[in-house]
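Heads up, structure21.cif below (mmCIF, C-alpha atoms and all ligand atoms):
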data_upload
loop_
_atom_site.label_atom_id
_atom_site.label_comp_id
_atom_site.auth_asym_id
_atom_site.auth_seq_id
_atom_site.Cartn_x
_atom_site.Cartn_y
_atom_site.Cartn_z
CA MET M 223 -33.11 9.62 31.14
CA ALA M 224 -30.10 11.95 31.40
CA ILE M 225 -32.40 14.90 32.00
CA SER M 226 -34.26 12.95 34.66
CA ILE M 227 -31.00 12.20 36.51
CA ILE M 228 -29.91 15.83 36.24
CA ASN M 229 -33.29 16.99 37.52
CA GLN M 230 -33.16 14.60 40.44
CA PHE M 231 -29.64 15.75 41.23
CA LEU M 232 -30.72 19.40 41.07
CA ASN M 233 -33.66 18.66 43.32
CA ILE M 234 -31.31 17.39 45.99
CA ILE M 235 -28.87 20.29 45.68
CA PHE M 236 -31.49 22.99 45.12
CA PRO M 237 -34.68 21.95 46.86
CA ASN M 238 -36.21 25.35 46.09
CA ASN M 239 -36.58 24.51 42.43
CA CYS M 240 -39.71 23.37 40.66
CA HIS M 241 -39.85 19.56 40.76
CA VAL M 242 -41.36 19.51 37.29
CA CYS M 243 -39.33 21.96 35.16
CA GLY M 244 -36.34 22.66 37.41
CA ASN M 245 -36.74 26.47 37.38
CA SER M 246 -36.21 28.39 40.61
CA LEU M 247 -39.30 28.85 42.71
CA VAL M 248 -40.27 32.36 43.73
CA ASP M 249 -41.93 33.45 46.98
CA GLY M 250 -45.27 31.74 47.45
CA GLU M 251 -44.41 28.80 45.17
CA GLU M 252 -43.71 25.38 46.65
CA THR M 253 -42.87 22.07 44.94
CA MET M 254 -44.16 23.30 41.55
CA CYS M 255 -43.85 26.67 39.85
CA LEU M 256 -47.00 28.50 38.82
CA THR M 257 -46.61 27.58 35.15
CA CYS M 258 -46.26 23.85 35.87
CA ARG M 259 -49.18 24.06 38.27
CA LEU M 260 -51.33 25.67 35.57
CA ASN M 261 -50.23 23.09 32.99
CA LEU M 262 -50.85 20.09 35.27
CA PRO M 263 -52.83 17.57 33.17
CA ARG M 264 -55.83 17.55 35.54
CA THR M 265 -58.38 14.73 35.32
CA ASN M 266 -61.32 16.61 36.90
CA PHE M 267 -62.71 13.14 37.69
CA HIS M 268 -64.26 14.40 40.93
CA SER M 269 -66.82 16.43 38.97
CA GLU M 270 -68.23 13.20 37.44
CA PRO M 271 -70.38 11.03 39.74
CA PHE M 272 -69.35 7.78 38.01
CA ASN M 273 -65.88 8.49 36.67
CA GLU M 274 -62.95 6.43 35.37
CA ILE M 275 -61.90 5.43 38.90
CA HIS M 276 -65.40 4.20 39.76
CA GLN M 277 -65.37 2.22 36.52
CA ARG M 278 -61.92 0.76 37.14
CA LEU M 279 -62.82 -0.35 40.66
CA ALA M 280 -66.40 -1.41 39.91
CA THR M 281 -67.15 -4.52 41.99
CA PRO M 282 -70.54 -5.90 43.01
CA GLY M 283 -71.27 -5.18 46.67
CA LEU M 284 -68.54 -2.55 46.87
CA PRO M 285 -70.10 0.86 46.24
CA ILE M 286 -67.67 3.77 46.02
CA ASP M 287 -69.00 7.18 46.93
CA LYS M 288 -66.52 9.86 45.76
CA ALA M 289 -63.40 9.33 43.69
CA ALA M 290 -60.76 11.91 42.80
CA ALA M 291 -57.37 11.87 41.08
CA TRP M 292 -55.55 15.15 40.56
CA PHE M 293 -53.71 14.52 37.29
CA HIS M 294 -53.20 12.06 34.45
CA TYR M 295 -50.04 9.98 34.79
CA PHE M 296 -48.03 9.71 31.60
CA ARG M 297 -44.92 7.54 31.81
CA ASP M 298 -41.62 9.46 31.76
CA ASN M 299 -43.25 12.86 31.75
CA PRO M 300 -41.96 15.41 34.29
CA TYR M 301 -45.08 15.20 36.46
CA ALA M 302 -44.63 11.43 36.68
CA ARG M 303 -40.99 12.01 37.68
CA MET M 304 -42.12 14.33 40.46
CA LEU M 305 -44.21 11.47 41.92
CA GLN M 306 -41.27 9.09 41.60
CA THR M 307 -39.08 11.60 43.44
CA ALA M 308 -41.71 11.84 46.19
CA LYS M 309 -41.68 8.05 46.49
CA TYR M 310 -38.09 6.99 46.08
CA ASN M 311 -35.85 10.03 46.68
CA GLN M 312 -36.28 10.52 50.40
CA SER M 313 -38.61 13.44 49.68
CA PRO M 314 -41.73 12.82 51.78
CA GLU M 315 -42.36 16.58 51.88
CA ILE M 316 -43.22 16.55 48.16
CA ALA M 317 -45.99 13.99 48.78
CA ARG M 318 -47.20 16.05 51.73
CA HIS M 319 -47.29 19.30 49.74
CA LEU M 320 -49.09 17.66 46.81
CA GLY M 321 -51.71 16.11 49.11
CA ARG M 322 -52.28 19.49 50.72
CA ASP M 323 -52.47 21.30 47.35
CA PHE M 324 -54.91 18.85 45.79
CA ALA M 325 -57.11 18.99 48.91
CA ASN M 326 -57.11 22.79 48.66
CA GLU M 327 -58.02 22.61 45.01
CA LEU M 328 -60.87 20.13 45.61
CA GLY M 329 -62.33 22.37 48.28
CA LEU M 330 -64.03 21.40 51.51
CA ASP M 331 -67.23 20.27 49.73
CA PHE M 332 -65.45 17.15 48.51
CA PHE M 333 -64.50 16.22 52.09
CA ASN M 334 -67.96 16.85 53.49
CA GLY M 335 -69.10 13.78 55.43
CA ILE M 336 -65.71 12.04 55.38
CA ASP M 337 -64.71 10.88 58.86
CA ILE M 338 -61.32 9.21 58.36
CA LEU M 339 -58.35 9.39 56.01
CA MET M 340 -56.86 5.92 55.40
CA PRO M 341 -53.52 5.77 53.57
CA VAL M 342 -52.83 2.64 51.50
CA PRO M 343 -50.17 0.93 53.63
CA LEU M 344 -46.76 -0.33 52.62
CA HIS M 345 -45.61 -3.73 53.74
CA ILE M 346 -43.42 -3.27 56.81
CA THR M 347 -40.19 -4.34 55.07
CA LYS M 348 -40.76 -1.80 52.31
CA PHE M 349 -41.62 0.85 54.87
CA LEU M 350 -38.43 0.21 56.81
CA LYS M 351 -36.36 0.32 53.62
CA ARG M 352 -37.93 3.58 52.38
CA GLY M 353 -38.33 5.17 55.80
CA TYR M 354 -41.77 6.59 55.05
CA ASN M 355 -45.01 5.76 53.29
CA GLN M 356 -45.77 8.29 50.57
CA ALA M 357 -49.53 7.65 50.91
CA GLU M 358 -49.32 8.54 54.59
CA GLU M 359 -47.46 11.74 53.72
CA ILE M 360 -50.21 12.65 51.22
CA ALA M 361 -52.79 11.98 53.94
CA LEU M 362 -50.89 14.30 56.30
CA GLY M 363 -51.15 17.02 53.67
CA VAL M 364 -54.87 16.41 53.23
CA SER M 365 -55.40 16.38 56.99
CA SER M 366 -53.59 19.73 57.35
CA VAL M 367 -56.25 21.30 55.10
CA THR M 368 -59.36 19.42 56.23
CA GLY M 369 -58.63 18.59 59.88
CA ILE M 370 -59.85 15.01 59.20
CA PRO M 371 -57.91 12.46 61.31
CA ILE M 372 -55.69 9.77 59.78
CA ALA M 373 -56.18 6.13 60.75
CA ASP M 374 -53.81 3.20 60.34
CA ASN M 375 -56.16 0.21 60.47
CA LEU M 376 -54.96 -1.16 57.15
CA ARG M 377 -51.99 -3.52 56.88
CA MET M 378 -50.31 -5.35 54.01
CA ARG M 379 -49.52 -9.04 53.94
CA ARG M 380 -46.17 -10.07 52.61
CA HIS M 381 -46.25 -10.72 48.86
CA SER M 382 -43.67 -11.29 46.18
CA THR M 383 -42.31 -8.35 44.25
CA GLN M 384 -44.63 -6.99 41.57
CA THR M 385 -42.26 -5.50 39.04
CA ARG M 386 -41.59 -8.58 36.90
CA LYS M 387 -45.16 -9.81 36.70
CA SER M 388 -47.73 -9.20 33.99
CA ALA M 389 -50.75 -6.98 34.70
CA THR M 390 -52.99 -10.02 35.24
CA GLN M 391 -50.50 -11.68 37.57
CA ARG M 392 -50.12 -8.41 39.45
CA ALA M 393 -53.87 -8.06 39.85
CA ALA M 394 -54.20 -11.60 41.20
CA ASN M 395 -51.21 -11.09 43.45
CA ALA M 396 -52.54 -7.84 44.91
CA SER M 397 -56.17 -8.87 45.31
CA ASN M 398 -55.87 -10.27 48.80
CA ILE M 399 -52.90 -8.52 50.34
CA ALA M 400 -54.64 -5.90 52.51
CA TYR M 401 -56.25 -6.62 55.86
CA VAL M 402 -57.81 -4.58 58.66
CA THR M 403 -56.90 -4.28 62.32
CA TYR M 404 -59.48 -3.13 64.93
CA PRO M 405 -62.39 -3.04 62.44
CA GLU M 406 -64.81 -1.99 65.23
CA GLU M 407 -63.14 1.45 65.22
CA LEU M 408 -64.46 1.94 61.68
CA ALA M 409 -68.14 1.19 62.28
CA ASP M 410 -70.41 3.58 60.31
CA LYS M 411 -67.44 5.69 59.21
CA HIS M 412 -67.01 7.29 55.80
CA ILE M 413 -63.41 6.45 54.90
CA LEU M 414 -61.31 8.21 52.26
CA VAL M 415 -58.66 5.76 51.08
CA ILE M 416 -55.55 7.63 49.90
CA ASP M 417 -52.71 6.64 47.57
CA ASP M 418 -50.22 8.36 45.28
CA ILE M 419 -51.31 6.74 42.04
CA ILE M 420 -53.98 4.44 40.73
CA THR M 421 -52.91 2.10 37.91
CA THR M 422 -54.73 -1.21 37.48
CA GLY M 423 -56.57 -0.43 40.69
CA SER M 424 -55.71 -3.81 42.21
CA THR M 425 -53.97 -2.46 45.32
CA MET M 426 -56.73 0.07 45.94
CA LEU M 427 -59.37 -2.60 45.39
CA SER M 428 -57.65 -4.90 47.86
CA CYS M 429 -57.84 -2.14 50.49
CA LEU M 430 -61.48 -1.28 49.76
CA LYS M 431 -62.52 -4.95 49.86
CA ALA M 432 -60.65 -5.54 53.12
CA LEU M 433 -62.37 -2.53 54.73
CA LYS M 434 -65.86 -3.47 53.52
CA THR M 435 -65.44 -7.12 54.52
CA ALA M 436 -64.06 -6.31 57.97
CA GLU M 437 -66.71 -3.65 58.70
CA PRO M 438 -69.70 -3.75 56.29
CA SER M 439 -71.14 -0.47 57.68
CA VAL M 440 -68.31 1.65 56.21
CA LYS M 441 -68.80 4.07 53.33
CA LEU M 442 -65.83 4.29 50.97
CA SER M 443 -64.26 7.04 48.85
CA VAL M 444 -60.97 7.25 46.96
CA PHE M 445 -58.33 10.00 46.63
CA THR M 446 -55.13 9.72 44.59
CA LEU M 447 -52.69 12.27 43.20
CA ALA M 448 -52.52 10.61 39.79
CA ALA M 449 -54.20 8.02 37.57
CA THR M 450 -52.85 6.13 34.58
CA HIS M 451 -55.09 5.76 31.57
CA ALA M 452 -57.50 2.84 31.45
CA GLU M 453 -56.08 -0.07 29.43
ZN ZN M 501 -42.08 24.37 36.83
#
Can you turn what I pasted into structure tokens?
Amino acid sequence: MAISIINQFLNIIFPNNCHVCGNSLVDGEETMCLTCRLNLPRTNFHSEPFNEIHQRLATPGLPIDKAAAWFHYFRDNPYARMLQTAKYNQSPEIARHLGRDFANELGLDFFNGIDILMPVPLHITKFLKRGYNQAEEIALGVSSVTGIPIADNLRMRRHSTQTRKSATQRAANASNIAYVTYPEELADKHILVIDDIITTGSTMLSCLKALKTAEPSVKLSVFTLAATHAE
């Protein structure tokens, strides 16, 4: 905990330090130093046609084409803290850089056929409080590499806070919160839904279901920076 606070403090004072280990970054390094980048606990899910994300989101009538998550999310580890910093510490540029870097690592083949990047939205009150949506920042990073446009047809309904609920309650609570505006814009599009992390999958599933229900002709894929382990 103390180290985490010190790291966060250092990140504010010295933004040119690695957000994982705290060491100074050298020329050509951004967000993470080379060592932390090499040691990133990659999932390599994208190389499996039916991977852990497909399994977690498996729903009849809701086929998912591609699914990628850059690294495994372990609670309280420095990579997890980097994501928390991107989300809560007024550091949208971290999310943007990570989205860009993962897109670069995946290569253009992964993005072949994808028409639209769709960030998982934040409810408006959360957005106003935080000032940015980390998923949108990740999408901006992905778009800078791929040139694929970002859409904002997804919205979130108001729902009670998730933090004090059990996993089952959270899943039920999140299952119907997303909805789509102007679904006709999405007809026949292959949409890559983007978020920072996939945990139970309930938020992602809510978005995918909303998109498929609003416009059944869409093709869906999933991109996240991190994934927790299946329970
Ligand atoms: Zn480092």
- Would you list the residues that come within 7 Å of ligand ZN 501 (chain M)? Count only C-alpha atoms and all ligand atoms and give the answer as a ChimeraX atom specification. /M:240-245,254-258
- Skip M:Asp374 itself and residues of its chain fewer than 2 positions away, then list as JSON, numbers by chain all residues within 10 Å of it, counting all atoms listed in the file. {"M": [338, 339, 340, 341, 342, 343, 358, 372, 376, 377, 402, 403, 404]}
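Considering only C-alpha atoms, the residue among M:Glu437, M:Ala400, M:Asp331, M:Ala361 positioned nearest to M:His268 is M:Asp331.
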- Message: What's around M:Ser269 at 12 Å? Count only C-alpha atoms, leave out sequence neighbours fewer than 3 positions away in its own chain, and write the answer as a list in words.
- Response: Arg264, Thr265, Asn266, Phe272, Asn273, Glu274, Lys288, Ala289, Ala290, Ala291, Trp292, Leu328, Gly329, Asp331 and Phe332 of chain M
Could the residues in this selection be saved with C-alpha atoms as an mmCIF file, in the frame of the given file?
data_model
loop_
_atom_site.group_PDB
_atom_site.id
_atom_site.type_symbol
_atom_site.label_atom_id
_atom_site.label_comp_id
_atom_site.auth_asym_id
_atom_site.auth_seq_id
_atom_site.Cartn_x
_atom_site.Cartn_y
_atom_site.Cartn_z
ATOM 1 C CA ARG M 264 -55.830 17.550 35.540
ATOM 2 C CA THR M 265 -58.380 14.730 35.320
ATOM 3 C CA ASN M 266 -61.320 16.610 36.900
ATOM 4 C CA PHE M 272 -69.350 7.780 38.010
ATOM 5 C CA ASN M 273 -65.880 8.490 36.670
ATOM 6 C CA GLU M 274 -62.950 6.430 35.370
ATOM 7 C CA LYS M 288 -66.520 9.860 45.760
ATOM 8 C CA ALA M 289 -63.400 9.330 43.690
ATOM 9 C CA ALA M 290 -60.760 11.910 42.800
ATOM 10 C CA ALA M 291 -57.370 11.870 41.080
ATOM 11 C CA TRP M 292 -55.550 15.150 40.560
ATOM 12 C CA LEU M 328 -60.870 20.130 45.610
ATOM 13 C CA GLY M 329 -62.330 22.370 48.280
ATOM 14 C CA ASP M 331 -67.230 20.270 49.730
ATOM 15 C CA PHE M 332 -65.450 17.150 48.510
#
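Among the candidates M:Ala308, M:Ile416, M:Met378, M:Val440, the residue lying nearest to M:Ser428 is M:Met378 (atoms considered: only C-alpha atoms).
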- Message: I'd like the interatomic distance between atom CA of M:Ala448 and atom CA of M:Val248, to a tenth of an Å.
- Response: 25.3 Å
- Could you jot down the atom CA of M:Thr368 to atom CA of M:Pro300 separation for me, Å, one decimal place?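 About the pair atom CA of M:Thr368 and atom CA of M:Pro300: they are 28.3 Å apart.
Minimum atom-to-atom distances from M:Thr425, M:Ser365, M:Asn261, M:Gln356 to M:Phe293 were compared using all atoms listed in the file, and the lowest value belongs to M:Asn261.
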- Message: Taking only C-alpha atoms into account, name the residue in M:Lys434, M:Leu442, M:Gly250, M:Thr450 that is nearest to M:Thr422.
- Response: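 That would be M:Thr450, the residue with the smallest distance to M:Thr422.
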- Task: Pick out the residues sitting within 9 Å of stretch 321-323 of chain M, and hand them over as a PyMOL selection string; count all atoms listed in the file, and ignore anything fewer than 6 positions along from it in its own chain.
- Result: chain M and resi 357+359-368+418+446-447
